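Enquirer: So here's final11.pdb (PDB, C-alpha atoms).
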ATOM      1  CA  MET O   1       0.000   0.000   0.000
ATOM      2  CA  ALA O   2       1.400   3.389  -0.964
ATOM      3  CA  THR O   3       1.816   5.959   1.796
ATOM      4  CA  THR O   4       1.552   9.685   1.219
ATOM      5  CA  PHE O   5       2.665  12.489   3.469
ATOM      6  CA  SER O   6       1.674  16.114   3.749
ATOM      7  CA  GLN O   7       3.893  18.849   5.128
ATOM      8  CA  LEU O   8       2.726  20.276   8.441
ATOM      9  CA  GLN O   9       5.608  22.614   9.220
ATOM     10  CA  ARG O  10       8.975  23.545   7.796
ATOM     11  CA  TYR O  11      11.949  24.421   9.967
ATOM     12  CA  GLY O  12      14.977  26.342   8.765
ATOM     13  CA  ARG O  13      18.031  28.008  10.259
ATOM     14  CA  ILE O  14      17.204  30.600  12.904
ATOM     15  CA  TYR O  15      20.621  31.301  14.433
ATOM     16  CA  SER O  16      24.107  31.806  13.060
ATOM     17  CA  GLY O  17      25.973  32.679  16.265
ATOM     18  CA  GLY O  18      26.483  35.559  18.654
ATOM     19  CA  LYS O  19      23.944  37.310  20.839
ATOM     20  CA  VAL O  20      20.460  36.096  21.759
ATOM     21  CA  ALA O  21      17.862  38.037  23.751
ATOM     22  CA  VAL O  22      14.369  37.520  25.160
ATOM     23  CA  SER O  23      11.561  40.047  24.781
ATOM     24  CA  ALA O  24      10.314  41.879  27.879
ATOM     25  CA  ASP O  25       7.185  39.721  28.085
ATOM     26  CA  GLY O  26       9.208  36.507  27.825
ATOM     27  CA  ALA O  27       7.300  35.382  24.737
ATOM     28  CA  LEU O  28       9.918  35.852  22.009
ATOM     29  CA  LEU O  29      13.514  34.874  21.452
ATOM     30  CA  ALA O  30      15.559  37.186  19.232
ATOM     31  CA  ALA O  31      18.655  35.695  17.588
ATOM     32  CA  ALA O  32      21.049  36.877  14.904
ATOM     33  CA  CYS O  33      20.892  34.836  11.702
ATOM     34  CA  GLY O  34      23.015  36.181   8.858
ATOM     35  CA  ASP O  35      21.521  39.429   7.588
ATOM     36  CA  SER O  36      18.410  39.237   9.791
ATOM     37  CA  ILE O  37      17.157  38.801  13.344
ATOM     38  CA  SER O  38      14.977  35.733  13.910
ATOM     39  CA  LEU O  39      12.003  36.269  16.218
ATOM     40  CA  VAL O  40      10.969  32.897  17.603
ATOM     41  CA  ASP O  41       7.909  31.955  19.662
ATOM     42  CA  LEU O  42       9.393  30.438  22.831
ATOM     43  CA  ALA O  43       6.251  28.438  23.530
ATOM     44  CA  THR O  44       6.188  26.637  20.177
ATOM     45  CA  GLY O  45       9.692  27.084  18.790
ATOM     46  CA  ARG O  46       8.161  28.501  15.609
ATOM     47  CA  LEU O  47       9.878  31.246  13.621
ATOM     48  CA  LEU O  48       7.390  34.121  13.514
ATOM     49  CA  LEU O  49       9.367  36.775  11.709
ATOM     50  CA  SER O  50      12.776  37.674  10.283
ATOM     51  CA  VAL O  51      13.813  41.315  10.607
ATOM     52  CA  GLY O  52      16.762  42.909   8.822
ATOM     53  CA  ALA O  53      18.163  44.316   5.635
ATOM     54  CA  GLU O  54      19.055  41.915   2.847
ATOM     55  CA  GLY O  55      22.784  41.679   2.287
ATOM     56  CA  ASP O  56      23.715  43.633   5.428
ATOM     57  CA  GLU O  57      25.177  41.046   7.825
ATOM     58  CA  ILE O  58      23.986  41.656  11.391
ATOM     59  CA  THR O  59      26.838  42.548  13.764
ATOM     60  CA  ALA O  60      24.797  43.657  16.800
ATOM     61  CA  PHE O  61      21.223  44.189  17.986
ATOM     62  CA  ALA O  62      19.186  45.156  21.036
ATOM     63  CA  ILE O  63      15.542  44.480  21.816
ATOM     64  CA  HIS O  64      13.454  47.275  23.373
ATOM     65  CA  PRO O  65      12.701  46.786  27.110
ATOM     66  CA  SER O  66       8.940  47.244  26.692
ATOM     67  CA  LEU O  67       7.905  47.869  23.052
ATOM     68  CA  PRO O  68       8.019  45.628  19.938
ATOM     69  CA  GLU O  69      11.072  47.399  18.584
ATOM     70  CA  LEU O  70      14.681  46.575  17.763
ATOM     71  CA  VAL O  71      17.845  48.465  17.011
ATOM     72  CA  LEU O  72      20.100  46.624  14.557
ATOM     73  CA  ALA O  73      23.633  47.193  13.312
ATOM     74  CA  GLY O  74      25.045  45.649  10.154
ATOM     75  CA  SER O  75      28.342  45.284   8.352
ATOM     76  CA  SER O  76      27.449  48.467   6.435
ATOM     77  CA  ARG O  77      27.819  50.310   9.776
ATOM     78  CA  HIS O  78      24.222  51.512   9.545
ATOM     79  CA  LEU O  79      22.047  51.450  12.650
ATOM     80  CA  ARG O  80      18.403  50.630  11.974
ATOM     81  CA  HIS O  81      15.425  51.335  14.224
ATOM     82  CA  VAL O  82      12.736  48.760  13.445
ATOM     83  CA  ARG O  83       9.188  48.205  14.686
ATOM     84  CA  TYR O  84       7.696  44.735  14.354
ATOM     85  CA  SER O  85       4.451  42.852  14.876
ATOM     86  CA  ALA O  86       5.023  39.202  15.695
ATOM     87  CA  ALA O  87       1.293  38.491  15.419
ATOM     88  CA  ALA O  88       1.060  39.957  11.915
ATOM     89  CA  GLY O  89       4.485  38.683  10.877
ATOM     90  CA  SER O  90       5.519  42.133   9.663
ATOM     91  CA  SER O  91       8.070  44.831  10.379
ATOM     92  CA  GLU O  92       8.865  48.377   9.282
ATOM     93  CA  GLN O  93      12.077  50.354   9.383
ATOM     94  CA  VAL O  94      11.535  53.633  11.200
ATOM     95  CA  ARG O  95      14.904  55.147  10.333
ATOM     96  CA  ALA O  96      18.521  54.304   9.597
ATOM     97  CA  TRP O  97      21.706  56.212  10.275
ATOM     98  CA  ARG O  98      25.466  55.647  10.193
ATOM     99  CA  ALA O  99      27.574  56.164  13.301
ATOM    100  CA  HIS O 100      30.909  54.432  13.890
ATOM    101  CA  LYS O 101      33.929  54.415  11.583
ATOM    102  CA  LEU O 102      34.241  50.629  12.004
ATOM    103  CA  PRO O 103      31.572  47.944  12.623
ATOM    104  CA  VAL O 104      29.331  48.052  15.686
ATOM    105  CA  VAL O 105      30.075  45.147  18.025
ATOM    106  CA  ASP O 106      27.300  45.518  20.616
ATOM    107  CA  LEU O 107      24.108  47.488  21.290
ATOM    108  CA  ALA O 108      22.119  48.002  24.499
ATOM    109  CA  PHE O 109      18.979  49.935  25.468
ATOM    110  CA  GLU O 110      18.677  51.805  28.745
ATOM    111  CA  ARG O 111      15.775  50.930  31.017
ATOM    112  CA  THR O 112      13.164  53.230  29.437
ATOM    113  CA  GLY O 113      14.105  52.454  25.846
ATOM    114  CA  THR O 114      14.727  56.132  25.051
ATOM    115  CA  LEU O 115      18.471  55.737  24.617
ATOM    116  CA  ALA O 116      20.627  53.033  23.077
ATOM    117  CA  ALA O 117      24.383  52.648  23.443
ATOM    118  CA  SER O 118      26.729  51.161  20.872
ATOM    119  CA  ALA O 119      30.167  49.572  21.209
ATOM    120  CA  GLY O 120      32.410  50.082  18.207
ATOM    121  CA  ALA O 121      35.410  48.301  16.748
ATOM    122  CA  ASP O 122      36.789  51.850  16.355
ATOM    123  CA  GLY O 123      37.191  52.119  20.147
ATOM    124  CA  ALA O 124      34.269  54.504  20.637
ATOM    125  CA  VAL O 125      31.163  54.209  22.797
ATOM    126  CA  MET O 126      28.190  56.153  21.460
ATOM    127  CA  VAL O 127      24.736  56.875  22.867
ATOM    128  CA  PHE O 128      21.717  57.652  20.676
ATOM    129  CA  ASP O 129      18.239  59.032  21.118
ATOM    130  CA  VAL O 130      16.528  56.233  19.214
ATOM    131  CA  ALA O 131      13.231  58.012  18.511
ATOM    132  CA  LYS O 132      15.009  61.033  17.031
ATOM    133  CA  GLY O 133      17.941  59.174  15.471
ATOM    134  CA  TYR O 134      20.856  61.292  16.634
ATOM    135  CA  ALA O 135      23.897  60.844  18.900
ATOM    136  CA  THR O 136      23.653  62.366  22.371
ATOM    137  CA  HIS O 137      27.084  61.237  23.610
ATOM    138  CA  VAL O 138      30.378  60.054  22.119
ATOM    139  CA  PHE O 139      32.834  58.549  24.601
ATOM    140  CA  ARG O 140      36.444  57.750  23.810
ATOM    141  CA  GLY O 141      39.008  56.128  26.075
ATOM    142  CA  HIS O 142      39.210  52.459  25.171
ATOM    143  CA  ASP O 143      42.334  51.444  23.269
ATOM    144  CA  GLY O 144      41.001  49.047  20.640
ATOM    145  CA  VAL O 145      37.704  47.238  20.093
ATOM    146  CA  VAL O 146      34.874  47.856  22.564
ATOM    147  CA  HIS O 147      33.206  44.480  23.099
ATOM    148  CA  ARG O 148      30.223  45.238  25.355
ATOM    149  CA  VAL O 149      28.024  48.058  26.601
ATOM    150  CA  ALA O 150      25.443  47.804  29.397
ATOM    151  CA  PHE O 151      23.269  50.428  31.093
ATOM    152  CA  SER O 152      22.637  50.145  34.809
ATOM    153  CA  PRO O 153      19.042  48.978  35.505
ATOM    154  CA  ALA O 154      18.925  51.526  38.320
ATOM    155  CA  SER O 155      20.004  54.628  36.401
ATOM    156  CA  SER O 156      19.714  55.798  32.813
ATOM    157  CA  THR O 157      22.861  57.888  33.264
ATOM    158  CA  ARG O 158      25.181  55.017  34.245
ATOM    159  CA  LEU O 159      26.753  53.087  31.390
ATOM    160  CA  ALA O 160      29.432  50.394  31.525
ATOM    161  CA  SER O 161      31.664  49.281  28.661
ATOM    162  CA  SER O 162      34.409  46.694  28.302
ATOM    163  CA  GLY O 163      37.064  46.241  25.682
ATOM    164  CA  ALA O 164      40.078  44.607  24.140
ATOM    165  CA  ASP O 165      42.324  46.840  26.269
ATOM    166  CA  HIS O 166      41.371  44.658  29.300
ATOM    167  CA  SER O 167      39.494  47.513  30.973
ATOM    168  CA  VAL O 168      35.939  48.101  32.137
ATOM    169  CA  ARG O 169      34.888  51.738  32.032
ATOM    170  CA  LEU O 170      31.984  53.448  33.783
ATOM    171  CA  TRP O 171      30.549  56.455  31.990
ATOM    172  CA  ASP O 172      28.423  59.182  33.573
ATOM    173  CA  LEU O 173      26.004  60.535  30.957
ATOM    174  CA  ALA O 174      25.143  63.527  33.148
ATOM    175  CA  SER O 175      28.728  64.791  33.371
ATOM    176  CA  ARG O 176      29.687  63.344  29.955
ATOM    177  CA  GLU O 177      32.838  61.870  31.472
ATOM    178  CA  CYS O 178      34.465  58.536  32.237
ATOM    179  CA  ALA O 179      33.798  58.244  35.966
ATOM    180  CA  ALA O 180      35.953  55.174  36.604
ATOM    181  CA  VAL O 181      38.284  52.709  34.928
ATOM    182  CA  LEU O 182      38.056  49.249  36.497
ATOM    183  CA  SER O 183      41.263  47.316  35.948
ATOM    184  CA  ALA O 184      41.505  43.677  36.978
ATOM    185  CA  HIS O 185      41.390  41.649  33.756
ATOM    186  CA  VAL O 186      44.609  40.607  31.989
ATOM    187  CA  GLY O 187      42.810  39.724  28.760
ATOM    188  CA  ALA O 188      40.073  41.259  26.630
ATOM    189  CA  ALA O 189      36.990  42.031  28.745
ATOM    190  CA  ARG O 190      34.184  40.586  26.612
ATOM    191  CA  ALA O 191      31.168  40.255  28.914
ATOM    192  CA  LEU O 192      29.220  42.581  31.211
ATOM    193  CA  ALA O 193      26.076  42.273  33.298
ATOM    194  CA  TRP O 194      24.475  44.356  36.058
ATOM    195  CA  SER O 195      22.522  43.038  39.007
ATOM    196  CA  ALA O 196      18.826  43.947  38.953
ATOM    197  CA  ASP O 197      19.311  46.716  41.520
ATOM    198  CA  GLY O 198      22.334  48.204  39.763
ATOM    199  CA  ALA O 199      24.486  47.718  42.863
ATOM    200  CA  THR O 200      26.804  45.135  41.310
ATOM    201  CA  LEU O 201      28.541  44.889  37.956
ATOM    202  CA  ILE O 202      30.003  41.586  36.747
ATOM    203  CA  SER O 203      32.649  41.391  34.034
ATOM    204  CA  GLY O 204      34.156  38.399  32.276
ATOM    205  CA  GLY O 205      37.018  38.052  29.872
ATOM    206  CA  ALA O 206      39.370  36.080  27.692
ATOM    207  CA  ASP O 207      41.613  35.717  30.758
ATOM    208  CA  GLN O 208      39.110  33.116  32.051
ATOM    209  CA  MET O 209      38.197  35.330  34.994
ATOM    210  CA  VAL O 210      34.920  36.757  36.261
ATOM    211  CA  ASN O 211      35.224  39.906  38.376
ATOM    212  CA  VAL O 212      32.498  41.278  40.645
ATOM    213  CA  TRP O 213      32.427  45.049  41.241
ATOM    214  CA  ASP O 214      30.599  46.943  43.994
ATOM    215  CA  CYS O 215      28.914  49.967  42.373
ATOM    216  CA  ARG O 216      26.547  50.926  45.187
ATOM    217  CA  ALA O 217      28.206  54.257  45.913
ATOM    218  CA  ALA O 218      26.548  57.404  44.589
ATOM    219  CA  ARG O 219      29.890  58.311  43.003
ATOM    220  CA  LEU O 220      31.035  55.809  40.382
ATOM    221  CA  THR O 221      34.632  56.673  41.233
ATOM    222  CA  SER O 222      34.137  54.691  44.460
ATOM    223  CA  SER O 223      33.372  51.430  42.617
ATOM    224  CA  ARG O 224      35.631  48.607  43.787
ATOM    225  CA  LEU O 225      36.474  44.970  43.115
ATOM    226  CA  THR O 226      34.867  42.660  45.672
ATOM    227  CA  SER O 227      35.704  39.206  44.308
ATOM    228  CA  SER O 228      37.248  37.313  41.389
ATOM    229  CA  LEU O 229      36.389  33.856  40.126
ATOM    230  CA  ALA O 230      38.522  31.656  37.862
ATOM    231  CA  VAL O 231      36.165  29.877  35.450
ATOM    232  CA  LEU O 232      38.678  27.967  33.285
ATOM    233  CA  GLU O 233      37.234  29.222  29.994
ATOM    234  CA  GLY O 234      37.143  32.468  28.084
ATOM    235  CA  VAL O 235      33.914  34.284  28.991
ATOM    236  CA  GLU O 236      31.787  35.711  26.160
ATOM    237  CA  ALA O 237      28.488  36.427  27.950
ATOM    238  CA  ILE O 238      27.029  36.785  31.438
ATOM    239  CA  ALA O 239      23.386  36.743  32.541
ATOM    240  CA  VAL O 240      22.363  37.586  36.107
ATOM    241  CA  ASP O 241      19.503  35.588  37.596
ATOM    242  CA  PRO O 242      16.591  37.727  38.828
ATOM    243  CA  PRO O 243      16.303  37.746  42.633
ATOM    244  CA  PRO O 244      13.637  35.429  44.092
ATOM    245  CA  ARG O 245      10.381  37.066  45.183
ATOM    246  CA  SER O 246      11.096  36.066  48.772
ATOM    247  CA  ALA O 247      14.063  38.455  48.687
ATOM    248  CA  GLU O 248      11.659  41.401  48.495
ATOM    249  CA  ARG O 249      10.486  40.608  52.035
ATOM    250  CA  SER O 250      13.923  39.834  53.440
ATOM    251  CA  ALA O 251      16.119  42.298  55.314
ATOM    252  CA  GLU O 252      19.200  40.538  53.982
ATOM    253  CA  PRO O 253      20.452  41.287  50.443
ATOM    254  CA  PRO O 254      19.712  38.375  48.080
ATOM    255  CA  LYS O 255      22.543  36.098  47.037
ATOM    256  CA  LEU O 256      23.763  37.041  43.573
ATOM    257  CA  THR O 257      23.724  34.154  41.113
ATOM    258  CA  PHE O 258      24.550  34.311  37.423
ATOM    259  CA  VAL O 259      25.314  32.236  34.345
ATOM    260  CA  THR O 260      28.376  32.496  32.122
ATOM    261  CA  ALA O 261      28.851  31.283  28.572
ATOM    262  CA  GLY O 262      32.092  31.072  26.679
ATOM    263  CA  SER O 263      34.694  29.012  24.904
ATOM    264  CA  GLY O 264      33.593  25.830  26.685
ATOM    265  CA  GLY O 265      30.416  25.843  24.615
ATOM    266  CA  ALA O 266      27.875  25.499  27.440
ATOM    267  CA  PRO O 267      26.149  27.889  29.896
ATOM    268  CA  ARG O 268      27.413  27.419  33.444
ATOM    269  CA  PRO O 269      25.706  28.606  36.672
ATOM    270  CA  ARG O 270      27.879  30.612  39.064
ATOM    271  CA  GLY O 271      27.561  32.357  42.382
TER     272      GLY O 271
END
Once more with this new file: its structure as structure tokens, please.
Expert:
Amino acid sequence: MATTFSQLQRYGRIYSGGKVAVSADGALLAAACGDSISLVDLATGRLLLSVGAEGDEITAFAIHPSLPELVLAGSSRHLRHVRYSAAAGSSEQVRAWRAHKLPVVDLAFERTGTLAASAGADGAVMVFDVAKGYATHVFRGHDGVVHRVAFSPASSTRLASSGADHSVRLWDLASRECAAVLSAHVGAARALAWSADGATLISGGADQMVNVWDCRAARLTSSRLTSSLAVLEGVEAIAVDPPPRSAERSAEPPKLTFVTAGSGGAPRPRG
């Protein structure tokens, strides 16, 4: 007896390496895939939408903290502000502009989604008003590629960056200055993550070390190294676990736990 089959679903490539991010509502996974960003339904694993510009290889992206919007950077060095509808499977480019002299390596929104910071291979850190499409700040100080940028969850004026020069820098958007240079790595600092309250910054690097910095002081210049952890692999990314709800009722500060990912090829819990 002959058997016939009908296609129910087709699955293709959704990820080509690099950064992944989850939407604010936890429903979508965003992942770089060649010249587009794949938006995947986390409940079903189904690709809902691909966002990008054909032929412009994605080098960095950031997903808005509350709205269905992305900022993308491509090999053309253009930044693109994009709105999308996962339900309708559509997207529209709001605007595009060119910023850095060399490719953008990382992008990050601040907590309200008004500003986005970029890390450049040209050694610059830039901050943009996304809605208006212009640069508000240009910071220079890193010697070489800037690998990561991350805004503090507690303040829209506190920005951290890390680079190939082994340093982590804290920038004060209000004073438009580098408030502190945190030096502990002996290899490229490639990963950054803040605790949910903005009191702690964690950095990881090619030196196979994770450093924990106390940034509770009102003045960033008072930030200090509190601990270092040898992880036996180059660190490419760090994600801090959200504090448990029970911590909200506790007088004691919650224990900080986080996950690192790197050259070993697998996420590893720490803390």
Enquirer: Tell me which residues the PyMOL selection byres ((chain O and resi 56) around 10) grabs here, as a PDB file with C-alpha atoms, keeping the file's coordinate frame.
Expert:
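The file below, out-v2.pdb, is the result:
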ATOM      1  CA  GLY O  34      23.015  36.181   8.858  1.00  0.00           C
ATOM      2  CA  ASP O  35      21.521  39.429   7.588  1.00  0.00           C
ATOM      3  CA  SER O  36      18.410  39.237   9.791  1.00  0.00           C
ATOM      4  CA  GLY O  52      16.762  42.909   8.822  1.00  0.00           C
ATOM      5  CA  ALA O  53      18.163  44.316   5.635  1.00  0.00           C
ATOM      6  CA  GLU O  54      19.055  41.915   2.847  1.00  0.00           C
ATOM      7  CA  GLY O  55      22.784  41.679   2.287  1.00  0.00           C
ATOM      8  CA  GLU O  57      25.177  41.046   7.825  1.00  0.00           C
ATOM      9  CA  ILE O  58      23.986  41.656  11.391  1.00  0.00           C
ATOM     10  CA  THR O  59      26.838  42.548  13.764  1.00  0.00           C
ATOM     11  CA  ALA O  73      23.633  47.193  13.312  1.00  0.00           C
ATOM     12  CA  GLY O  74      25.045  45.649  10.154  1.00  0.00           C
ATOM     13  CA  SER O  75      28.342  45.284   8.352  1.00  0.00           C
ATOM     14  CA  SER O  76      27.449  48.467   6.435  1.00  0.00           C
ATOM     15  CA  ARG O  77      27.819  50.310   9.776  1.00  0.00           C
ATOM     16  CA  HIS O  78      24.222  51.512   9.545  1.00  0.00           C
TER      17      HIS O  78
END
Enquirer: Neighbouring residues of O:Thr226 were defined as those with any atom within 9 Å, considering all atoms listed in the file; residues of the same chain fewer than 2 positions away were excluded. Please report them as a ChimeraX atom specification.
Expert: /O:211-214,224,228
Enquirer: Please, what distance in Å, to one decimal, runs between atom CA of O:Ala27 and atom CA of O:Ala60?
Expert: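 It comes out at 20.9 Å.
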Enquirer: Edge lengths and centre in Å to one decimal, as JSON, is what I'm after for the box along x, y and z that holds all listed atoms of stretch 225-238 of chain O once 5 Å is added on each side.
Expert:
{"center_x": 32.9, "center_y": 36.5, "center_z": 35.9, "size_x": 21.6, "size_y": 27.0, "size_z": 29.5}
Enquirer: For the PyMOL selection byres ((chain O and resi 169) around 8), applied here, can you spell out every residue it catches as an mmCIF file with C-alpha atoms, in the coordinates of the input?
Expert:
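The new file out32.cif reads:
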data_model
loop_
_atom_site.group_PDB
_atom_site.id
_atom_site.type_symbol
_atom_site.label_atom_id
_atom_site.label_comp_id
_atom_site.auth_asym_id
_atom_site.auth_seq_id
_atom_site.Cartn_x
_atom_site.Cartn_y
_atom_site.Cartn_z
ATOM 1 C CA ALA O 160 29.432 50.394 31.525
ATOM 2 C CA SER O 161 31.664 49.281 28.661
ATOM 3 C CA SER O 162 34.409 46.694 28.302
ATOM 4 C CA SER O 167 39.494 47.513 30.973
ATOM 5 C CA VAL O 168 35.939 48.101 32.137
ATOM 6 C CA LEU O 170 31.984 53.448 33.783
ATOM 7 C CA TRP O 171 30.549 56.455 31.990
ATOM 8 C CA CYS O 178 34.465 58.536 32.237
ATOM 9 C CA ALA O 179 33.798 58.244 35.966
ATOM 10 C CA ALA O 180 35.953 55.174 36.604
ATOM 11 C CA VAL O 181 38.284 52.709 34.928
ATOM 12 C CA LEU O 182 38.056 49.249 36.497
#
Enquirer: Just want the 7 Å neighbourhood of O:Arg80, counted on all atoms listed in the file, with same-chain residues fewer than 3 positions away dropped. Output as a PyMOL selection string.
Expert: chain O and resi 71-73+93+95-97
Enquirer: Need the shell around stretch 100-116 of chain O: protein/DNA/RNA residues with any atom at most 7 Å away, counting all atoms listed in the file. Skip same-chain ones fewer than 3 positions apart. Format as a list of chain:residue names?
Expert: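 Counting all atoms listed in the file, the residues come to O:Thr59, O:Ala60, O:Phe61, O:Ala62, O:His64, O:Pro65, O:Ala73, O:Ser75, O:Arg77, O:Ala119, O:Gly120, O:Ala121, O:Asp122, O:Val127, O:Phe128, O:Asp129, O:Val130, O:Ala131, O:His147, O:Arg148, O:Val149, O:Ala150, O:Phe151, O:Pro153, O:Ser156.
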Enquirer: Can you work out the spacing between atom CA of O:Glu177 and atom CA of O:Asp207 in Å, to one decimal?
Expert: 27.6 Å
Enquirer: Using all atoms listed in the file, which protein or nucleic acid residues come within 8 Å of O:Ala239? Drop anything in the same chain fewer than 5 positions from it, and give the result as a VMD selection string.
Expert: chain O and resid 193 258 to 260
Enquirer: Out of O:Ser118, O:Gln7, O:Ser50, O:Ser85, which residue has the shortest atom-to-atom distance to O:Leu67 when counting all atoms listed in the file?
Expert: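 Smallest separation from O:Leu67 among the options: O:Ser85.
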Enquirer: Could you tell me which of O:Leu42, O:Ala196, O:Ala2, O:Ala266 comes closest to O:Gly26 if we count all atoms listed in the file?
Expert: O:Leu42
Enquirer: So, with only C-alpha atoms as the atoms that count, which of O:Leu232, O:Leu220, O:Leu28, O:Ala188 lies closest to O:Arg158?
Expert: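 Among the listed residues, the smallest separation from O:Arg158 belongs to O:Leu220.
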Enquirer: What's the separation between atom CA of O:Thr157 and atom CA of O:Ala99, in Å to one decimal place?
Expert: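 So the answer is 20.6 Å.
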Enquirer: Translate the PyMOL selection byres ((chain O and resi 140) around 9), as applied to the file shown, into an explicit residue set as a PyMOL selection string.
Expert: chain O and resi 123-126+138-139+141-143+178
Enquirer: Please determine, counting only C-alpha atoms, which residue among O:Leu39, O:Ser155, O:Asp241, O:Lys19 has the shortest atom-to-atom distance to O:Gly262.
Expert: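 Going through O:Leu39, O:Ser155, O:Asp241, O:Lys19 one by one, the smallest distance to O:Gly262 is for O:Lys19.
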Enquirer: Mind completing stretch 154-160 of chain O with all heavy atoms? Output as a PDB file, keeping the file's coordinate frame, please?
Expert:
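Writing the result to rebuild_38.pdb gives the following:
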ATOM      1  N   ALA O 154      19.376  50.573  37.307  1.00  0.00           N
ATOM      2  CA  ALA O 154      18.925  51.526  38.320  1.00  0.00           C
ATOM      3  C   ALA O 154      19.039  52.978  37.892  1.00  0.00           C
ATOM      4  O   ALA O 154      18.463  53.856  38.523  1.00  0.00           O
ATOM      5  CB  ALA O 154      19.731  51.323  39.607  1.00  0.00           C
ATOM      6  N   SER O 155      19.787  53.235  36.804  1.00  0.00           N
ATOM      7  CA  SER O 155      20.004  54.628  36.401  1.00  0.00           C
ATOM      8  C   SER O 155      20.254  54.710  34.905  1.00  0.00           C
ATOM      9  O   SER O 155      21.109  54.000  34.368  1.00  0.00           O
ATOM     10  CB  SER O 155      21.199  55.220  37.159  1.00  0.00           C
ATOM     11  OG  SER O 155      21.537  56.492  36.653  1.00  0.00           O
ATOM     12  N   SER O 156      19.537  55.602  34.251  1.00  0.00           N
ATOM     13  CA  SER O 156      19.714  55.798  32.813  1.00  0.00           C
ATOM     14  C   SER O 156      20.964  56.600  32.480  1.00  0.00           C
ATOM     15  O   SER O 156      21.293  56.772  31.309  1.00  0.00           O
ATOM     16  CB  SER O 156      18.485  56.514  32.228  1.00  0.00           C
ATOM     17  OG  SER O 156      17.329  55.717  32.363  1.00  0.00           O
ATOM     18  N   THR O 157      21.653  57.102  33.515  1.00  0.00           N
ATOM     19  CA  THR O 157      22.861  57.888  33.264  1.00  0.00           C
ATOM     20  C   THR O 157      24.134  57.111  33.569  1.00  0.00           C
ATOM     21  O   THR O 157      25.233  57.664  33.452  1.00  0.00           O
ATOM     22  CB  THR O 157      22.856  59.184  34.099  1.00  0.00           C
ATOM     23  OG1 THR O 157      22.869  58.852  35.494  1.00  0.00           O
ATOM     24  CG2 THR O 157      21.629  60.013  33.777  1.00  0.00           C
ATOM     25  N   ARG O 158      24.007  55.849  33.965  1.00  0.00           N
ATOM     26  CA  ARG O 158      25.181  55.017  34.245  1.00  0.00           C
ATOM     27  C   ARG O 158      25.338  53.969  33.148  1.00  0.00           C
ATOM     28  O   ARG O 158      24.443  53.152  32.923  1.00  0.00           O
ATOM     29  CB  ARG O 158      25.065  54.323  35.596  1.00  0.00           C
ATOM     30  CG  ARG O 158      25.223  55.243  36.782  1.00  0.00           C
ATOM     31  CD  ARG O 158      25.304  54.454  38.089  1.00  0.00           C
ATOM     32  NE  ARG O 158      25.655  55.326  39.211  1.00  0.00           N
ATOM     33  CZ  ARG O 158      26.031  54.879  40.406  1.00  0.00           C
ATOM     34  NH1 ARG O 158      26.104  53.575  40.631  1.00  0.00           N
ATOM     35  NH2 ARG O 158      26.342  55.729  41.366  1.00  0.00           N
ATOM     36  N   LEU O 159      26.479  53.997  32.501  1.00  0.00           N
ATOM     37  CA  LEU O 159      26.753  53.087  31.390  1.00  0.00           C
ATOM     38  C   LEU O 159      28.110  52.441  31.602  1.00  0.00           C
ATOM     39  O   LEU O 159      29.090  53.121  31.903  1.00  0.00           O
ATOM     40  CB  LEU O 159      26.732  53.862  30.067  1.00  0.00           C
ATOM     41  CG  LEU O 159      27.134  53.106  28.803  1.00  0.00           C
ATOM     42  CD1 LEU O 159      26.122  52.007  28.479  1.00  0.00           C
ATOM     43  CD2 LEU O 159      27.272  54.076  27.627  1.00  0.00           C
ATOM     44  N   ALA O 160      28.171  51.128  31.435  1.00  0.00           N
ATOM     45  CA  ALA O 160      29.432  50.394  31.525  1.00  0.00           C
ATOM     46  C   ALA O 160      29.834  49.905  30.142  1.00  0.00           C
ATOM     47  O   ALA O 160      28.985  49.597  29.302  1.00  0.00           O
ATOM     48  CB  ALA O 160      29.289  49.205  32.474  1.00  0.00           C
TER      49      ALA O 160
END
